[in-house]
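Student: Got my_file.cif for you, mmCIF, C-alpha atoms:
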data_final
loop_
_atom_site.label_atom_id
_atom_site.label_comp_id
_atom_site.auth_asym_id
_atom_site.auth_seq_id
_atom_site.Cartn_x
_atom_site.Cartn_y
_atom_site.Cartn_z
CA MET E 1 13.91 7.14 -9.54
CA ILE E 2 11.41 6.32 -6.80
CA ARG E 3 14.09 5.11 -4.40
CA LEU E 4 16.17 8.21 -5.14
CA ARG E 5 13.25 10.46 -4.21
CA ILE E 6 12.73 8.59 -0.96
CA ALA E 7 16.41 8.97 -0.11
CA LEU E 8 16.37 12.69 -0.84
CA PHE E 9 13.19 13.34 1.12
CA SER E 10 14.54 11.32 4.05
CA ALA E 11 17.84 13.15 4.39
CA ALA E 12 16.74 15.40 7.24
CA LEU E 13 14.34 13.26 9.25
CA VAL E 14 13.80 14.01 12.92
CA ALA E 15 15.64 11.48 15.10
CA THR E 16 13.05 10.90 17.81
CA PHE E 17 9.38 11.64 18.40
CA SER E 18 7.41 11.45 21.60
CA ALA E 19 4.72 8.78 21.88
CA ALA E 20 1.48 9.78 20.20
CA THR E 21 -1.71 10.18 22.19
CA ALA E 22 -5.28 10.29 20.90
CA GLN E 23 -5.48 12.81 18.08
CA PRO E 24 -8.53 14.08 16.19
CA PRO E 25 -8.81 13.76 12.39
CA GLY E 26 -7.24 16.42 10.19
CA GLN E 27 -4.21 16.89 12.44
CA PRO E 28 -0.81 15.44 11.44
CA ILE E 29 0.32 12.94 14.08
CA ARG E 30 4.01 12.35 14.70
CA ALA E 31 4.02 8.58 14.42
CA HIS E 32 7.53 7.46 13.40
CA ALA E 33 11.12 8.69 13.56
CA GLY E 34 11.36 8.12 9.81
CA LEU E 35 9.11 8.39 6.81
CA ILE E 36 5.92 6.33 6.75
CA HIS E 37 5.97 4.08 3.68
CA ALA E 38 2.73 2.14 4.22
CA VAL E 39 -0.61 2.30 6.02
CA ALA E 40 -3.27 -0.43 6.30
CA VAL E 41 -6.75 -0.48 7.82
CA SER E 42 -7.92 -3.70 9.49
CA PRO E 43 -10.84 -5.63 7.96
CA ASP E 44 -13.19 -4.45 10.72
CA GLY E 45 -12.09 -0.85 10.19
CA LYS E 46 -11.15 -0.38 13.85
CA ARG E 47 -7.35 -0.49 13.64
CA LEU E 48 -4.61 1.12 11.60
CA ALA E 49 -1.09 -0.14 11.00
CA THR E 50 1.73 2.19 9.94
CA ALA E 51 5.12 1.12 8.59
CA GLY E 52 8.10 3.35 9.29
CA PHE E 53 11.65 3.82 8.11
CA ASP E 54 12.60 3.79 11.80
CA ASN E 55 12.34 -0.05 11.51
CA THR E 56 9.09 -0.17 13.49
CA ILE E 57 5.39 -0.83 12.94
CA LYS E 58 2.76 1.04 14.93
CA ILE E 59 -0.75 -0.24 15.67
CA TRP E 60 -3.46 2.33 16.31
CA ASP E 61 -7.05 2.31 17.48
CA LEU E 62 -9.08 3.99 14.73
CA ALA E 63 -12.32 5.47 16.07
CA ALA E 64 -15.45 5.91 13.97
CA ASP E 65 -14.81 9.67 13.83
CA GLY E 66 -11.24 9.16 12.57
CA THR E 67 -9.50 9.76 15.89
CA LEU E 68 -6.26 7.78 16.23
CA LYS E 69 -4.73 6.40 19.43
CA GLU E 70 -1.44 4.52 19.43
CA VAL E 71 -1.71 1.17 21.21
CA LYS E 72 1.32 -0.90 20.25
CA THR E 73 4.77 -0.82 18.63
CA LEU E 74 6.10 -3.88 16.82
CA THR E 75 9.89 -4.22 16.72
CA GLY E 76 12.09 -6.84 15.10
CA HIS E 77 12.92 -5.71 11.59
CA THR E 78 16.54 -4.59 11.23
CA GLY E 79 15.81 -2.18 8.39
CA PRO E 80 13.12 0.25 7.24
CA VAL E 81 9.63 -1.27 6.97
CA TYR E 82 8.17 -0.94 3.49
CA ALA E 83 4.75 -2.59 3.63
CA VAL E 84 2.09 -3.94 6.01
CA ALA E 85 -1.07 -6.00 5.47
CA PHE E 86 -3.72 -7.25 7.90
CA HIS E 87 -4.81 -10.87 7.71
CA PRO E 88 -8.40 -10.90 6.38
CA LYS E 89 -9.71 -13.13 9.20
CA ASP E 90 -7.18 -13.65 12.00
CA ASN E 91 -5.49 -11.24 14.42
CA LEU E 92 -2.30 -11.19 12.37
CA LEU E 93 -0.25 -8.66 10.41
CA ALA E 94 2.37 -9.19 7.68
CA SER E 95 5.23 -6.77 7.06
CA THR E 96 8.18 -6.39 4.67
CA SER E 97 11.49 -4.62 4.98
CA LEU E 98 14.80 -3.46 3.60
CA ASP E 99 16.26 -6.32 5.65
CA LYS E 100 15.00 -8.67 2.84
CA THR E 101 12.54 -10.47 5.12
CA VAL E 102 8.80 -10.77 5.53
CA ARG E 103 7.42 -11.14 9.05
CA LEU E 104 4.10 -12.35 10.40
CA TRP E 105 3.00 -10.77 13.70
CA ASN E 106 0.54 -11.93 16.34
CA LEU E 107 -1.26 -8.70 17.24
CA ALA E 108 -2.50 -10.08 20.56
CA ASP E 109 1.00 -9.98 22.04
CA GLY E 110 2.92 -7.99 19.40
CA LYS E 111 5.36 -10.84 18.73
CA SER E 112 6.79 -11.90 15.39
CA THR E 113 5.71 -15.52 14.85
CA ILE E 114 7.16 -16.38 11.43
CA GLU E 115 10.00 -14.96 9.33
CA PHE E 116 9.78 -15.55 5.58
CA LYS E 117 13.18 -15.68 3.88
CA GLY E 118 14.00 -15.93 0.19
CA HIS E 119 14.10 -12.45 -1.31
CA THR E 120 17.59 -11.17 -2.10
CA ASP E 121 16.85 -7.42 -1.90
CA ILE E 122 14.31 -4.97 -0.47
CA VAL E 123 10.84 -6.49 -0.12
CA ASP E 124 8.61 -3.63 -1.22
CA THR E 125 5.13 -5.05 -1.01
CA VAL E 126 2.92 -7.71 0.60
CA ALA E 127 -0.68 -8.89 0.22
CA PHE E 128 -2.84 -11.62 1.72
CA SER E 129 -5.16 -13.66 -0.47
CA PRO E 130 -8.84 -13.12 0.42
CA ASP E 131 -8.96 -16.42 2.35
CA GLY E 132 -5.72 -15.57 4.21
CA LYS E 133 -3.96 -18.78 3.15
CA ILE E 134 -1.51 -17.27 0.66
CA LEU E 135 0.90 -14.38 1.06
CA ALA E 136 2.23 -12.60 -2.03
CA THR E 137 5.40 -10.51 -1.94
CA ALA E 138 7.65 -8.71 -4.41
CA GLY E 139 10.50 -6.25 -4.39
CA ALA E 140 13.79 -4.91 -5.66
CA ASP E 141 15.04 -8.37 -6.66
CA LYS E 142 12.34 -8.13 -9.39
CA SER E 143 10.63 -11.35 -8.30
CA VAL E 144 6.98 -12.04 -7.41
CA ARG E 145 6.60 -14.83 -4.84
CA LEU E 146 3.81 -16.82 -3.21
CA TRP E 147 4.10 -18.20 0.33
CA ASN E 148 2.13 -20.49 2.61
CA ALA E 149 0.92 -18.00 5.21
CA ALA E 150 0.62 -20.70 7.87
CA ASP E 151 4.26 -21.84 7.91
CA GLY E 152 6.24 -19.25 5.95
CA LYS E 153 7.35 -21.64 3.24
CA GLU E 154 7.69 -20.34 -0.31
CA THR E 155 5.30 -22.18 -2.61
CA LYS E 156 6.22 -20.52 -5.90
CA ASN E 157 8.49 -17.89 -7.40
CA LEU E 158 6.01 -16.85 -10.07
CA GLY E 159 8.52 -15.01 -12.21
CA SER E 160 10.07 -11.62 -12.55
CA HIS E 161 9.68 -8.11 -13.91
CA ALA E 162 12.35 -6.17 -15.77
CA GLY E 163 12.53 -3.68 -12.90
CA SER E 164 11.85 -3.45 -9.18
CA VAL E 165 8.32 -4.52 -8.28
CA TYR E 166 6.53 -1.88 -6.22
CA THR E 167 3.14 -3.43 -5.56
CA VAL E 168 1.13 -6.66 -5.59
CA VAL E 169 -2.62 -7.04 -5.08
CA PHE E 170 -5.01 -9.99 -5.14
CA ALA E 171 -8.30 -9.89 -7.01
CA PRO E 172 -11.31 -10.16 -4.69
CA ASP E 173 -11.88 -13.79 -5.75
CA GLY E 174 -8.23 -14.69 -5.07
CA LYS E 175 -7.78 -16.30 -8.48
CA THR E 176 -5.52 -13.65 -9.96
CA LEU E 177 -2.72 -11.46 -8.69
CA ALA E 178 -1.57 -8.18 -10.21
CA SER E 179 1.93 -6.72 -9.87
CA ALA E 180 3.54 -3.53 -11.16
CA ASP E 181 7.07 -2.35 -11.67
CA GLY E 182 9.52 0.41 -12.48
CA ASP E 183 9.52 -0.63 -16.14
CA ASN E 184 6.02 0.83 -16.70
CA LEU E 185 4.31 -2.58 -16.86
CA ILE E 186 1.55 -4.44 -15.00
CA LYS E 187 1.51 -8.23 -14.93
CA ILE E 188 -1.47 -10.45 -14.22
CA TRP E 189 -0.78 -13.87 -12.68
CA ASP E 190 -2.92 -17.00 -12.45
CA VAL E 191 -2.72 -17.91 -8.74
CA PRO E 192 -4.06 -21.51 -8.85
CA GLY E 193 -2.06 -22.22 -12.01
CA GLN E 194 0.99 -20.33 -10.65
CA LYS E 195 1.84 -18.75 -13.99
CA GLU E 196 1.82 -15.43 -15.83
CA LEU E 197 -1.39 -14.67 -17.73
CA LYS E 198 -0.83 -11.34 -19.44
CA VAL E 199 0.98 -8.00 -19.42
CA LEU E 200 -0.88 -4.68 -19.36
CA LYS E 201 0.88 -1.93 -21.32
CA GLY E 202 0.04 1.75 -21.54
CA HIS E 203 1.73 3.65 -18.72
CA GLU E 204 4.70 5.75 -19.80
CA GLN E 205 6.46 5.88 -16.41
CA PRO E 206 6.86 3.50 -13.44
CA VAL E 207 3.63 2.09 -12.05
CA THR E 208 3.66 2.74 -8.32
CA ALA E 209 0.34 1.38 -7.06
CA LEU E 210 -2.54 -0.98 -7.88
CA THR E 211 -5.96 -1.78 -6.45
CA PHE E 212 -8.89 -3.83 -7.63
CA ALA E 213 -12.14 -1.86 -7.81
CA GLY E 214 -14.36 -4.20 -5.86
CA GLU E 215 -14.52 -6.92 -8.50
CA PRO E 216 -12.02 -9.33 -10.08
CA GLY E 217 -12.21 -7.81 -13.55
CA THR E 218 -11.48 -4.14 -12.82
CA LEU E 219 -7.99 -2.99 -11.89
CA ILE E 220 -6.88 0.56 -11.08
CA SER E 221 -3.27 1.73 -11.44
CA ALA E 222 -1.34 4.89 -10.59
CA SER E 223 1.86 5.94 -12.30
CA MET E 224 4.60 8.53 -12.36
CA ASP E 225 3.19 9.55 -15.76
CA ARG E 226 0.56 11.38 -13.66
CA THR E 227 -2.35 9.26 -14.77
CA ILE E 228 -4.71 6.87 -13.00
CA ARG E 229 -5.88 4.12 -15.33
CA VAL E 230 -8.76 1.66 -15.14
CA TRP E 231 -8.20 -1.72 -16.79
CA ASP E 232 -10.43 -4.54 -17.97
CA VAL E 233 -8.40 -7.51 -16.74
CA ALA E 234 -10.19 -10.02 -18.99
CA THR E 235 -9.20 -8.20 -22.17
CA GLY E 236 -6.01 -6.62 -20.85
CA LYS E 237 -7.16 -3.27 -22.23
CA GLU E 238 -7.32 0.15 -20.62
CA SER E 239 -10.95 1.22 -20.28
CA LYS E 240 -10.54 4.67 -18.72
CA LYS E 241 -7.77 7.17 -17.97
CA LEU E 242 -8.09 9.75 -15.20
CA GLY E 243 -5.92 12.81 -14.93
CA PRO E 244 -3.47 14.28 -15.34
CA THR E 245 -2.93 14.46 -11.60
CA SER E 246 -1.34 17.58 -10.13
CA ASP E 247 1.74 15.67 -8.93
CA ASP E 248 3.37 12.25 -9.19
CA PRO E 249 0.96 9.77 -7.55
CA TYR E 250 2.61 7.16 -5.35
CA ALA E 251 -0.34 5.34 -3.77
CA VAL E 252 -3.90 4.48 -4.70
CA ALA E 253 -6.83 2.99 -2.76
CA TRP E 254 -10.40 1.93 -3.49
CA SER E 255 -13.42 2.56 -1.26
CA PRO E 256 -16.20 -0.03 -1.68
CA ALA E 257 -18.43 2.16 0.48
CA THR E 258 -18.29 5.22 -1.78
CA LYS E 259 -17.03 3.68 -5.06
CA SER E 260 -14.17 6.20 -5.03
CA ILE E 261 -10.45 6.19 -5.76
CA GLY E 262 -8.06 7.73 -3.23
CA VAL E 263 -4.63 8.96 -4.31
CA CYS E 264 -1.58 10.28 -2.46
CA GLY E 265 1.33 11.97 -4.20
CA TYR E 266 4.86 13.26 -3.81
CA SER E 267 3.76 16.86 -3.23
CA GLY E 268 1.77 15.62 -0.23
CA GLN E 269 -1.63 16.12 -1.80
CA VAL E 270 -4.40 13.59 -1.18
CA SER E 271 -7.27 13.41 -3.63
CA VAL E 272 -10.45 11.49 -4.33
CA TRP E 273 -11.57 10.61 -7.85
CA THR E 274 -14.59 8.98 -9.45
CA THR E 275 -14.72 7.40 -12.90
CA ALA E 276 -17.65 9.72 -13.68
CA ASP E 277 -15.27 12.69 -13.88
CA LEU E 278 -12.04 11.75 -15.60
CA MET E 279 -10.39 15.17 -15.66
CA LYS E 280 -10.37 16.38 -12.07
CA PRO E 281 -10.71 15.04 -8.51
CA LYS E 282 -13.91 15.56 -6.53
CA PHE E 283 -11.78 16.28 -3.45
CA LEU E 284 -8.26 17.65 -3.05
CA GLN E 285 -6.35 18.46 0.12
CA ALA E 286 -2.76 19.71 0.37
CA ILE E 287 -0.53 18.25 3.09
CA LYS E 288 2.88 19.82 3.56
CA SER E 289 5.00 16.66 3.45
CA PRO E 290 5.47 14.20 0.54
CA GLY E 291 3.12 11.24 0.79
CA TYR E 292 3.87 7.57 0.13
CA CYS E 293 0.72 5.67 1.10
CA VAL E 294 -3.02 6.01 1.38
CA ALA E 295 -6.05 4.07 2.64
CA PHE E 296 -9.74 4.80 3.13
CA THR E 297 -11.53 4.46 6.42
CA ALA E 298 -14.15 1.68 6.32
CA ASP E 299 -17.00 4.10 5.62
CA GLY E 300 -15.05 5.89 2.89
CA LYS E 301 -15.52 9.25 4.58
CA ALA E 302 -11.82 9.92 5.23
CA LEU E 303 -8.40 9.23 3.72
CA ILE E 304 -5.45 8.10 5.83
CA SER E 305 -2.02 9.00 4.48
CA GLY E 306 1.59 8.51 5.61
CA HIS E 307 4.26 11.12 4.99
CA ASP E 308 7.96 11.79 4.64
CA ASN E 309 8.19 13.69 7.94
CA GLY E 310 6.98 10.68 9.94
CA THR E 311 3.41 11.88 10.30
CA VAL E 312 0.12 10.13 9.60
CA VAL E 313 -2.93 12.21 8.69
CA VAL E 314 -6.62 11.30 8.72
CA THR E 315 -8.26 13.68 6.25
CA PRO E 316 -12.08 13.96 6.29
CA ILE E 317 -13.49 14.07 2.75
CA THR E 318 -15.64 17.13 2.32
CA GLY E 319 -17.65 18.57 -0.55
CA LYS E 320 -19.83 16.81 -3.09
#
Show how you would write the structure in this file as structure tokens.
Tutor:
Amino acid sequence: MIRLRIALFSAALVATFSAATAQPPGQPIRAHAGLIHAVAVSPDGKRLATAGFDNTIKIWDLAADGTLKEVKTLTGHTGPVYAVAFHPKDNLLASTSLDKTVRLWNLADGKSTIEFKGHTDIVDTVAFSPDGKILATAGADKSVRLWNAADGKETKNLGSHAGSVYTVVFAPDGKTLASADGDNLIKIWDVPGQKELKVLKGHEQPVTALTFAGEPGTLISASMDRTIRVWDVATGKESKKLGPTSDDPYAVAWSPATKSIGVCGYSGQVSVWTTADLMKPKFLQAIKSPGYCVAFTADGKALISGHDNGTVVVTPITGK
């Protein structure tokens, strides 16, 4: 269902866009000649990476006030780019694609340094371990894999889901990995032991996004059932349920700075939630194009979202 929606939304994409210049926050920026499927903010909060269905990755300077300036385009993937992740310590970026590969990029020169091969279908998602030594990936071949980030060698195919895997995320201590799929399930994996620990059940539709809420034991999920759920990983039980959301949420992010949850959905809306108010968001902003990805700025004062029409938007969070 998710892939069908992407295909339908992408049917009339603009073929070419002019290069973006510095743009203030709140204004949609034409960034790619295809939908933007992923955004990532660098660990220092000063750069943004966007992944496009035009087979490219864009690197942007992200100013303290939210202004974006395009500085580099990374080319090499032969299919749409589905995910990007900054290395937590080094000047590197990982990306995944419809071309079934994972690439590691040196951001100093914009060159692809390593190509990870092993997946047999779309690679939907990628995440670095907190120490940067392990790369986790998953995708439409239903597998969850661990790689040596230094040499691109697969260290373990952890196992599989019943459906396509849309997201993987490491716990802050790096000891566990969470993954979610189109079969409504979340799996928790023991990274050092390289085995499955437990399955979290409760969502009634595909789980599209995951994020840990600043600590190893608290996981947040978003689903097509229009709920955002908070899980106690130790017990495997749902502790809180937020929503219903006003549309189908596709992406979720956590802000350590403001202890808030950011969500982006198919209608294009971006919203901010707190676990103190489970029924409605504390901030809601409508954007005219369906959204696929979201991230907070480092200070938590703005949401960055990528959209079907190839635009990226930095939305200042206003109100209480």
Student: Please measure the separation of CA of Pro192 in chain E and CA of Ala149 in chain E, giving the value in Å to one decimal.
Tutor: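 That distance, rounded to one decimal, is 15.3 Å.
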Student: For Asp248 in chain E, find every residue with an atom within 8 Å (counting all atoms listed in the file), except residues of its own chain fewer than 4 positions away, and show them as a PyMOL selection string.
Tutor: chain E and resi 223-226+265-267
Student: Given the file shown, determine the residues that the PyMOL selection byres ((chain E and resi 257) around 6) selects; report them as a short mmCIF file (atom, residue, chain, number, x, y, z; two decimals) with C-alpha atoms, in the frame of the given file.
Tutor:
data_model
loop_
_atom_site.label_atom_id
_atom_site.label_comp_id
_atom_site.auth_asym_id
_atom_site.auth_seq_id
_atom_site.Cartn_x
_atom_site.Cartn_y
_atom_site.Cartn_z
CA SER E 255 -13.42 2.56 -1.26
CA PRO E 256 -16.20 -0.03 -1.68
CA THR E 258 -18.29 5.22 -1.78
CA LYS E 259 -17.03 3.68 -5.06
CA ASP E 299 -17.00 4.10 5.62
CA GLY E 300 -15.05 5.89 2.89
#
Student: Running the PyMOL selection byres ((chain E and resi 80-88) around 9) on this model by hand, what would come out? Give it as JSON, numbers by chain.
Tutor: {"E": [34, 36, 37, 38, 39, 40, 41, 42, 43, 49, 50, 51, 52, 53, 54, 55, 56, 57, 77, 78, 79, 89, 90, 91, 92, 93, 94, 95, 96, 97, 98, 99, 122, 123, 124, 125, 126, 127, 128, 129, 130, 131, 132]}
Student: Between E:Thr235, E:Thr101, E:Thr137, E:Ser305, which residue has the minimum interatomic distance to Leu48 in chain E, considering only C-alpha atoms?
Tutor: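 For Leu48 in chain E, the nearest of the candidates is E:Ser305.
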Student: Taking the file above as input, evaluate the PyMOL selection byres ((chain E and resi 183) around 9) and report the hits as a VMD selection string.
Tutor: chain E and resid 161 to 165 180 to 182 184 to 186 204 to 207
Student: Expressed in Å to a single decimal, how great is the separation between CA of Asp173 in chain E and CA of Trp231 in chain E?
Tutor: 16.8 Å
Student: Put a box with edges along x, y and z around all the listed atoms of range 217-224 of chain E, pad it by 4 Å on each side, then give me its centre and sizes in Å, one decimal, as AutoDock Vina command-line options.
Tutor:
--center_x -3.8 --center_y 0.4 --center_z -12.1 --size_x 24.8 --size_y 24.3 --size_z 11.0
Student: Write out as an NGL selection string which residues come within 8 Å of Val71 in chain E when counting only C-alpha atoms, dropping same-chain ones fewer than 5 positions away.
Tutor: :E and (58-61)
Student: So how many Å separate CA of Cys264 in chain E and CA of Phe296 in chain E, to one decimal?
Tutor: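 Answer for the CA of Cys264 in chain E to CA of Phe296 in chain E separation: 11.3 Å.
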Student: Go through E:Lys282, E:Lys201, E:Lys187, E:Lys69 one by one, measure the shortest atom-to-atom distance of each to Thr318 in chain E using all atoms listed in the file, and give the residue with the smallest value.
Tutor: E:Lys282
Student: Counting all atoms listed in the file, which of E:Pro249, E:Gly26, E:Pro244, E:Gly118 gets nearest to Ser221 in chain E?
Tutor: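 Of the candidates, the smallest distance to Ser221 in chain E is held by E:Pro249.
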Student: For Gly268 in chain E, which residue among E:Val313, E:Ile114, E:Val102, E:Val233 is the nearest when counting all atoms listed in the file?
Tutor: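 Between E:Val313, E:Ile114, E:Val102, E:Val233, the residue approaching Gly268 in chain E most closely is E:Val313.
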Student: List the spatial neighbours of Asp232 in chain E as an MDAnalysis selection string - criterion: any atom at most 6 Å away, only C-alpha atoms, same-chain residues fewer than 3 positions off excluded.
Tutor: chainID E and resid 217:218 235:237
Student: Taking into account only C-alpha atoms, which residue in the set E:Leu74, E:Ala171, E:Ala140, E:Ala33 is nearest to Ser112 in chain E?
Tutor: E:Leu74
Student: Which is closest to Ala63 in chain E among E:Ser289, E:Thr113, E:Ser143, E:Thr297, if we use only C-alpha atoms?
Tutor: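 Smallest separation from Ala63 in chain E among the options: E:Thr297.
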Student: Could you model N, CA and C atoms for range 177-194 of chain E and present them as a short mmCIF file (atom, residue, chain, number, x, y, z; two decimals), in the coordinates of the input?
Tutor:
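Listed below is the output, part_19.cif:
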data_model
loop_
_atom_site.label_atom_id
_atom_site.label_comp_id
_atom_site.auth_asym_id
_atom_site.auth_seq_id
_atom_site.Cartn_x
_atom_site.Cartn_y
_atom_site.Cartn_z
N LEU E 177 -3.57 -12.39 -9.41
CA LEU E 177 -2.72 -11.46 -8.69
C LEU E 177 -2.17 -10.47 -9.70
N ALA E 178 -2.15 -9.20 -9.35
CA ALA E 178 -1.57 -8.18 -10.21
C ALA E 178 -0.31 -7.62 -9.56
N SER E 179 0.69 -7.33 -10.37
CA SER E 179 1.93 -6.72 -9.87
C SER E 179 2.37 -5.63 -10.84
N ALA E 180 3.11 -4.65 -10.32
CA ALA E 180 3.54 -3.53 -11.16
C ALA E 180 4.95 -3.15 -10.83
N ASP E 181 5.64 -2.55 -11.83
CA ASP E 181 7.07 -2.35 -11.67
C ASP E 181 7.56 -0.99 -12.15
N GLY E 182 8.87 -0.81 -12.04
CA GLY E 182 9.52 0.41 -12.48
C GLY E 182 9.77 0.46 -13.96
N ASP E 183 9.34 -0.57 -14.69
CA ASP E 183 9.52 -0.63 -16.14
C ASP E 183 8.20 -0.34 -16.86
N ASN E 184 7.28 0.32 -16.15
CA ASN E 184 6.02 0.83 -16.70
C ASN E 184 4.97 -0.25 -16.97
N LEU E 185 5.19 -1.47 -16.51
CA LEU E 185 4.31 -2.58 -16.86
C LEU E 185 3.51 -3.09 -15.66
N ILE E 186 2.36 -3.71 -15.97
CA ILE E 186 1.55 -4.44 -15.00
C ILE E 186 1.45 -5.88 -15.48
N LYS E 187 1.66 -6.82 -14.57
CA LYS E 187 1.51 -8.23 -14.93
C LYS E 187 0.35 -8.84 -14.15
N ILE E 188 -0.37 -9.72 -14.82
CA ILE E 188 -1.47 -10.45 -14.22
C ILE E 188 -1.07 -11.92 -14.13
N TRP E 189 -1.22 -12.51 -12.93
CA TRP E 189 -0.78 -13.87 -12.68
C TRP E 189 -1.97 -14.76 -12.32
N ASP E 190 -1.94 -15.97 -12.80
CA ASP E 190 -2.92 -17.00 -12.45
C ASP E 190 -2.44 -17.64 -11.15
N VAL E 191 -3.17 -17.42 -10.04
CA VAL E 191 -2.72 -17.91 -8.74
C VAL E 191 -2.84 -19.43 -8.64
N PRO E 192 -4.00 -20.04 -8.93
CA PRO E 192 -4.06 -21.51 -8.85
C PRO E 192 -3.10 -22.20 -9.81
N GLY E 193 -2.96 -21.63 -11.02
CA GLY E 193 -2.06 -22.22 -12.01
C GLY E 193 -0.61 -21.82 -11.83
N GLN E 194 -0.36 -20.81 -10.96
CA GLN E 194 0.99 -20.33 -10.65
C GLN E 194 1.78 -19.98 -11.91
#
